[in-house]
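The block underneath contains the structure these notes are about, expressed in structure tokens.
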Amino acid sequence: MFKKLSDALGLGAVERFSVPRFKHNEAILDKNSVVLQGNTDLMVETIREISELVIWGDTHNTAITELFLEHHILEKLLSYFEPARRTPKPVKVQILQTLSIFFQNLQSDTIIFYLLSNNHLNELITHRFDCCDDELMSYYISFLKALSLRLN
């Protein structure tokens, strides 16, 4: 099908760690507010790539992290947990992994403050997950552990 992910995402020769790449991934998020079986893999890959870009941008290119903050990407990601959206489990798992990775790797006080502000994580912490879904619960617990280790 596609030889490279960049071909699948329609990026061509765009540099992997760049502002245009971040903007392209944000556009994919915006275009796919509803995640169905047909676009689940695309969304998982997009969220994974956003997390890589933000972590890389934290130490190498603050323009990427500024876009993450200014364009409210965290809110967009957390909105996939709204019950009415019926988001597939792989997307929820990727978001939980992304947040865990953020708390383990981000160094900027500004972005950590942003992640912890505005009640966003409180809503996720109090979200009613399906306790019978062992896989999802393990990622949720990993997220809580990463968050607790970050707090001082």
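Chain labels run A, B, ... following the order of the structure tokens; each chain numbers its residues from 1, and ligands are numbered from 1 in the order shown.
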Exercise. Quick one: pick out all alpha helix (DSSP H) residues within chain A from a backbone DSSP run and write them as a PyMOL selection string.
Key: chain A and resi 5-8+19-31+40-60+62-70+73-78+89-105+109-116+120-125+134-150
Ile47 of chain A: which residues within 8 Å, counting only C-alpha atoms, same-chain residues fewer than 6 positions away excluded, as a compact mmCIF listing (two decimals) with N, CA and C atoms, in the first residue's frame?
```txt
# COMPACT_ATOMS: atom_id res chain seq x y z
N ASN A 25 -0.14 17.09 11.49
CA ASN A 25 -0.75 16.17 12.44
C ASN A 25 -1.94 16.80 13.15
N GLN A 94 -3.49 5.05 23.24
CA GLN A 94 -2.41 5.91 22.75
C GLN A 94 -2.39 7.25 23.48
N ILE A 95 -3.54 7.80 23.78
CA ILE A 95 -3.59 9.07 24.51
C ILE A 95 -3.03 8.88 25.92
N THR A 98 0.66 8.59 25.63
CA THR A 98 1.23 9.90 25.33
C THR A 98 1.36 10.73 26.60
```
Quiz prompt | atom CA of His71 of chain A to atom CA of Asp58 of chain A, straight-line distance in Å | solution = 15.9 Å
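Of the listed residues A:Thr126, A:Gln104, A:Ser117, A:Thr46, the one whose atoms come nearest to Ser148 of chain A is A:Gln104, with distances taken using only C-alpha atoms.
Using only C-alpha atoms for every distance, the candidate list A:Phe17, A:Trp56, A:Phe81, A:Phe22 yields A:Phe81 as the residue closest to His120 of chain A.
Counting only C-alpha atoms and comparing A:Lys76, A:Ala84, A:Arg48, A:Leu149, the residue that lies closest to Ala27 of chain A is A:Lys76.
Those residues that approach His127 of chain A to within 9 Å, counting only C-alpha atoms, are Phe81, Glu82, Asn122, Glu123 and Leu124 of chain A; same-chain residues fewer than 3 positions away are not listed.
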For the residues in that selection, give me N, CA, C and O atoms as a PDB file, in the first residue's frame.
```
ATOM      1  N   PHE A  81     -12.100  11.147  25.058  1.00  0.00           N
ATOM      2  CA  PHE A  81     -12.607  10.336  26.164  1.00  0.00           C
ATOM      3  C   PHE A  81     -14.073  10.610  26.475  1.00  0.00           C
ATOM      4  O   PHE A  81     -14.657   9.936  27.312  1.00  0.00           O
ATOM      5  N   GLU A  82     -14.667  11.593  25.827  1.00  0.00           N
ATOM      6  CA  GLU A  82     -16.071  11.885  26.060  1.00  0.00           C
ATOM      7  C   GLU A  82     -16.906  10.663  25.668  1.00  0.00           C
ATOM      8  O   GLU A  82     -16.750  10.131  24.566  1.00  0.00           O
ATOM      9  N   ASN A 122      -7.685  16.396  35.932  1.00  0.00           N
ATOM     10  CA  ASN A 122      -8.679  15.991  36.929  1.00  0.00           C
ATOM     11  C   ASN A 122      -9.841  15.266  36.264  1.00  0.00           C
ATOM     12  O   ASN A 122     -10.350  14.270  36.782  1.00  0.00           O
ATOM     13  N   GLU A 123     -10.250  15.775  35.113  1.00  0.00           N
ATOM     14  CA  GLU A 123     -11.338  15.122  34.385  1.00  0.00           C
ATOM     15  C   GLU A 123     -10.933  13.726  33.929  1.00  0.00           C
ATOM     16  O   GLU A 123     -11.734  12.796  33.971  1.00  0.00           O
ATOM     17  N   LEU A 124      -9.690  13.582  33.497  1.00  0.00           N
ATOM     18  CA  LEU A 124      -9.218  12.263  33.074  1.00  0.00           C
ATOM     19  C   LEU A 124      -9.082  11.323  34.264  1.00  0.00           C
ATOM     20  O   LEU A 124      -9.463  10.159  34.190  1.00  0.00           O
TER      21      LEU A 124
END
```
Quiz item: Could you pull the residues within 9 Å of Gln97 of chain A, counting only C-alpha atoms, minus those fewer than 6 positions along the same chain, as an MDAnalysis selection string?
Solution: chainID A and resid 48 139:140 142:143
Extract, using only C-alpha atoms, all DNA, RNA and protein residues at most 10 Å from segment 33-35 of chain A, discarding same-chain residues fewer than 6 positions from it, and format them as a PDB file with all heavy atoms, in the first residue's frame.
```
ATOM      1  N   ASP A  41      -6.245   3.447  12.995  1.00  0.00           N
ATOM      2  CA  ASP A  41      -4.787   3.334  12.864  1.00  0.00           C
ATOM      3  C   ASP A  41      -4.152   4.689  12.550  1.00  0.00           C
ATOM      4  O   ASP A  41      -3.093   5.015  13.086  1.00  0.00           O
ATOM      5  CB  ASP A  41      -4.408   2.319  11.784  1.00  0.00           C
ATOM      6  CG  ASP A  41      -4.740   0.890  12.187  1.00  0.00           C
ATOM      7  OD1 ASP A  41      -4.919   0.636  13.391  1.00  0.00           O
ATOM      8  OD2 ASP A  41      -4.806   0.030  11.283  1.00  0.00           O
ATOM      9  N   LEU A  42      -4.778   5.453  11.685  1.00  0.00           N
ATOM     10  CA  LEU A  42      -4.280   6.786  11.350  1.00  0.00           C
ATOM     11  C   LEU A  42      -4.246   7.665  12.589  1.00  0.00           C
ATOM     12  O   LEU A  42      -3.266   8.379  12.842  1.00  0.00           O
ATOM     13  CB  LEU A  42      -5.146   7.438  10.272  1.00  0.00           C
ATOM     14  CG  LEU A  42      -4.825   8.905   9.944  1.00  0.00           C
ATOM     15  CD1 LEU A  42      -3.442   9.022   9.313  1.00  0.00           C
ATOM     16  CD2 LEU A  42      -5.899   9.483   9.036  1.00  0.00           C
ATOM     17  N   MET A  43      -5.297   7.621  13.391  1.00  0.00           N
ATOM     18  CA  MET A  43      -5.357   8.451  14.585  1.00  0.00           C
ATOM     19  C   MET A  43      -4.320   8.026  15.628  1.00  0.00           C
ATOM     20  O   MET A  43      -3.693   8.870  16.261  1.00  0.00           O
ATOM     21  CB  MET A  43      -6.763   8.430  15.174  1.00  0.00           C
ATOM     22  CG  MET A  43      -7.780   9.126  14.288  1.00  0.00           C
ATOM     23  SD  MET A  43      -7.323  10.830  13.916  1.00  0.00           S
ATOM     24  CE  MET A  43      -7.441  11.543  15.536  1.00  0.00           C
ATOM     25  N   VAL A  44      -4.144   6.733  15.805  1.00  0.00           N
ATOM     26  CA  VAL A  44      -3.135   6.249  16.755  1.00  0.00           C
ATOM     27  C   VAL A  44      -1.755   6.734  16.324  1.00  0.00           C
ATOM     28  O   VAL A  44      -0.980   7.250  17.138  1.00  0.00           O
ATOM     29  CB  VAL A  44      -3.176   4.705  16.871  1.00  0.00           C
ATOM     30  CG1 VAL A  44      -1.953   4.166  17.594  1.00  0.00           C
ATOM     31  CG2 VAL A  44      -4.453   4.265  17.566  1.00  0.00           C
ATOM     32  N   LYS A  76      -7.972  18.778  22.765  1.00  0.00           N
ATOM     33  CA  LYS A  76      -8.435  17.967  21.629  1.00  0.00           C
ATOM     34  C   LYS A  76      -8.241  16.484  21.917  1.00  0.00           C
ATOM     35  O   LYS A  76      -9.123  15.668  21.611  1.00  0.00           O
ATOM     36  CB  LYS A  76      -7.684  18.356  20.348  1.00  0.00           C
ATOM     37  CG  LYS A  76      -8.027  19.735  19.840  1.00  0.00           C
ATOM     38  CD  LYS A  76      -7.216  20.094  18.604  1.00  0.00           C
ATOM     39  CE  LYS A  76      -7.497  21.515  18.172  1.00  0.00           C
ATOM     40  NZ  LYS A  76      -6.724  21.892  16.964  1.00  0.00           N
ATOM     41  N   LEU A  77      -7.102  16.132  22.499  1.00  0.00           N
ATOM     42  CA  LEU A  77      -6.845  14.726  22.802  1.00  0.00           C
ATOM     43  C   LEU A  77      -7.796  14.208  23.880  1.00  0.00           C
ATOM     44  O   LEU A  77      -8.370  13.126  23.746  1.00  0.00           O
ATOM     45  CB  LEU A  77      -5.393  14.540  23.239  1.00  0.00           C
ATOM     46  CG  LEU A  77      -4.320  14.797  22.184  1.00  0.00           C
ATOM     47  CD1 LEU A  77      -2.926  14.663  22.792  1.00  0.00           C
ATOM     48  CD2 LEU A  77      -4.484  13.862  21.002  1.00  0.00           C
ATOM     49  N   SER A  79     -10.666  15.217  24.608  1.00  0.00           N
ATOM     50  CA  SER A  79     -12.064  15.168  24.165  1.00  0.00           C
ATOM     51  C   SER A  79     -12.440  13.798  23.598  1.00  0.00           C
ATOM     52  O   SER A  79     -13.618  13.452  23.544  1.00  0.00           O
ATOM     53  CB  SER A  79     -12.337  16.261  23.127  1.00  0.00           C
ATOM     54  OG  SER A  79     -11.715  15.960  21.893  1.00  0.00           O
ATOM     55  N   TYR A  80     -11.436  13.013  23.207  1.00  0.00           N
ATOM     56  CA  TYR A  80     -11.724  11.662  22.702  1.00  0.00           C
ATOM     57  C   TYR A  80     -12.218  10.726  23.803  1.00  0.00           C
ATOM     58  O   TYR A  80     -12.710   9.641  23.525  1.00  0.00           O
ATOM     59  CB  TYR A  80     -10.498  11.060  22.009  1.00  0.00           C
ATOM     60  CG  TYR A  80     -10.214  11.704  20.675  1.00  0.00           C
ATOM     61  CD1 TYR A  80      -9.185  12.616  20.525  1.00  0.00           C
ATOM     62  CD2 TYR A  80     -10.995  11.406  19.566  1.00  0.00           C
ATOM     63  CE1 TYR A  80      -8.935  13.223  19.302  1.00  0.00           C
ATOM     64  CE2 TYR A  80     -10.749  12.008  18.338  1.00  0.00           C
ATOM     65  CZ  TYR A  80      -9.719  12.908  18.219  1.00  0.00           C
ATOM     66  OH  TYR A  80      -9.481  13.507  17.002  1.00  0.00           O
ATOM     67  N   ARG A  85     -18.582  10.194  22.205  1.00  0.00           N
ATOM     68  CA  ARG A  85     -17.755  10.020  21.010  1.00  0.00           C
ATOM     69  C   ARG A  85     -17.475   8.549  20.696  1.00  0.00           C
ATOM     70  O   ARG A  85     -17.096   8.226  19.584  1.00  0.00           O
ATOM     71  CB  ARG A  85     -16.455  10.789  21.156  1.00  0.00           C
ATOM     72  CG  ARG A  85     -16.737  12.290  21.128  1.00  0.00           C
ATOM     73  CD  ARG A  85     -15.509  13.074  21.242  1.00  0.00           C
ATOM     74  NE  ARG A  85     -14.885  13.238  19.921  1.00  0.00           N
ATOM     75  CZ  ARG A  85     -13.912  14.075  19.709  1.00  0.00           C
ATOM     76  NH1 ARG A  85     -13.434  14.797  20.683  1.00  0.00           N
ATOM     77  NH2 ARG A  85     -13.383  14.197  18.521  1.00  0.00           N
ATOM     78  N   ARG A  86     -17.586   7.693  21.678  1.00  0.00           N
ATOM     79  CA  ARG A  86     -17.368   6.252  21.476  1.00  0.00           C
ATOM     80  C   ARG A  86     -16.047   5.964  20.760  1.00  0.00           C
ATOM     81  O   ARG A  86     -15.996   5.232  19.773  1.00  0.00           O
ATOM     82  CB  ARG A  86     -18.532   5.628  20.736  1.00  0.00           C
ATOM     83  CG  ARG A  86     -19.811   5.748  21.499  1.00  0.00           C
ATOM     84  CD  ARG A  86     -20.932   5.066  20.823  1.00  0.00           C
ATOM     85  NE  ARG A  86     -21.871   4.699  21.862  1.00  0.00           N
ATOM     86  CZ  ARG A  86     -22.778   3.786  21.730  1.00  0.00           C
ATOM     87  NH1 ARG A  86     -22.883   3.119  20.629  1.00  0.00           N
ATOM     88  NH2 ARG A  86     -23.587   3.522  22.717  1.00  0.00           N
ATOM     89  N   THR A  87     -15.016   6.556  21.267  1.00  0.00           N
ATOM     90  CA  THR A  87     -13.688   6.416  20.678  1.00  0.00           C
ATOM     91  C   THR A  87     -13.181   4.989  20.866  1.00  0.00           C
ATOM     92  O   THR A  87     -13.277   4.435  21.954  1.00  0.00           O
ATOM     93  CB  THR A  87     -12.712   7.409  21.345  1.00  0.00           C
ATOM     94  OG1 THR A  87     -13.251   8.724  21.200  1.00  0.00           O
ATOM     95  CG2 THR A  87     -11.341   7.342  20.738  1.00  0.00           C
ATOM     96  N   PRO A  88     -12.623   4.394  19.812  1.00  0.00           N
ATOM     97  CA  PRO A  88     -12.075   3.032  19.933  1.00  0.00           C
ATOM     98  C   PRO A  88     -10.936   2.961  20.959  1.00  0.00           C
ATOM     99  O   PRO A  88     -10.181   3.921  21.151  1.00  0.00           O
ATOM    100  CB  PRO A  88     -11.553   2.723  18.528  1.00  0.00           C
ATOM    101  CG  PRO A  88     -12.312   3.635  17.626  1.00  0.00           C
ATOM    102  CD  PRO A  88     -12.563   4.875  18.431  1.00  0.00           C
ATOM    103  N   VAL A  91      -7.177   4.206  20.402  1.00  0.00           N
ATOM    104  CA  VAL A  91      -6.943   5.654  20.457  1.00  0.00           C
ATOM    105  C   VAL A  91      -6.842   6.095  21.916  1.00  0.00           C
ATOM    106  O   VAL A  91      -5.953   6.873  22.285  1.00  0.00           O
ATOM    107  CB  VAL A  91      -8.045   6.425  19.709  1.00  0.00           C
ATOM    108  CG1 VAL A  91      -7.896   7.926  19.891  1.00  0.00           C
ATOM    109  CG2 VAL A  91      -8.041   6.060  18.234  1.00  0.00           C
TER     110      VAL A  91
END
```
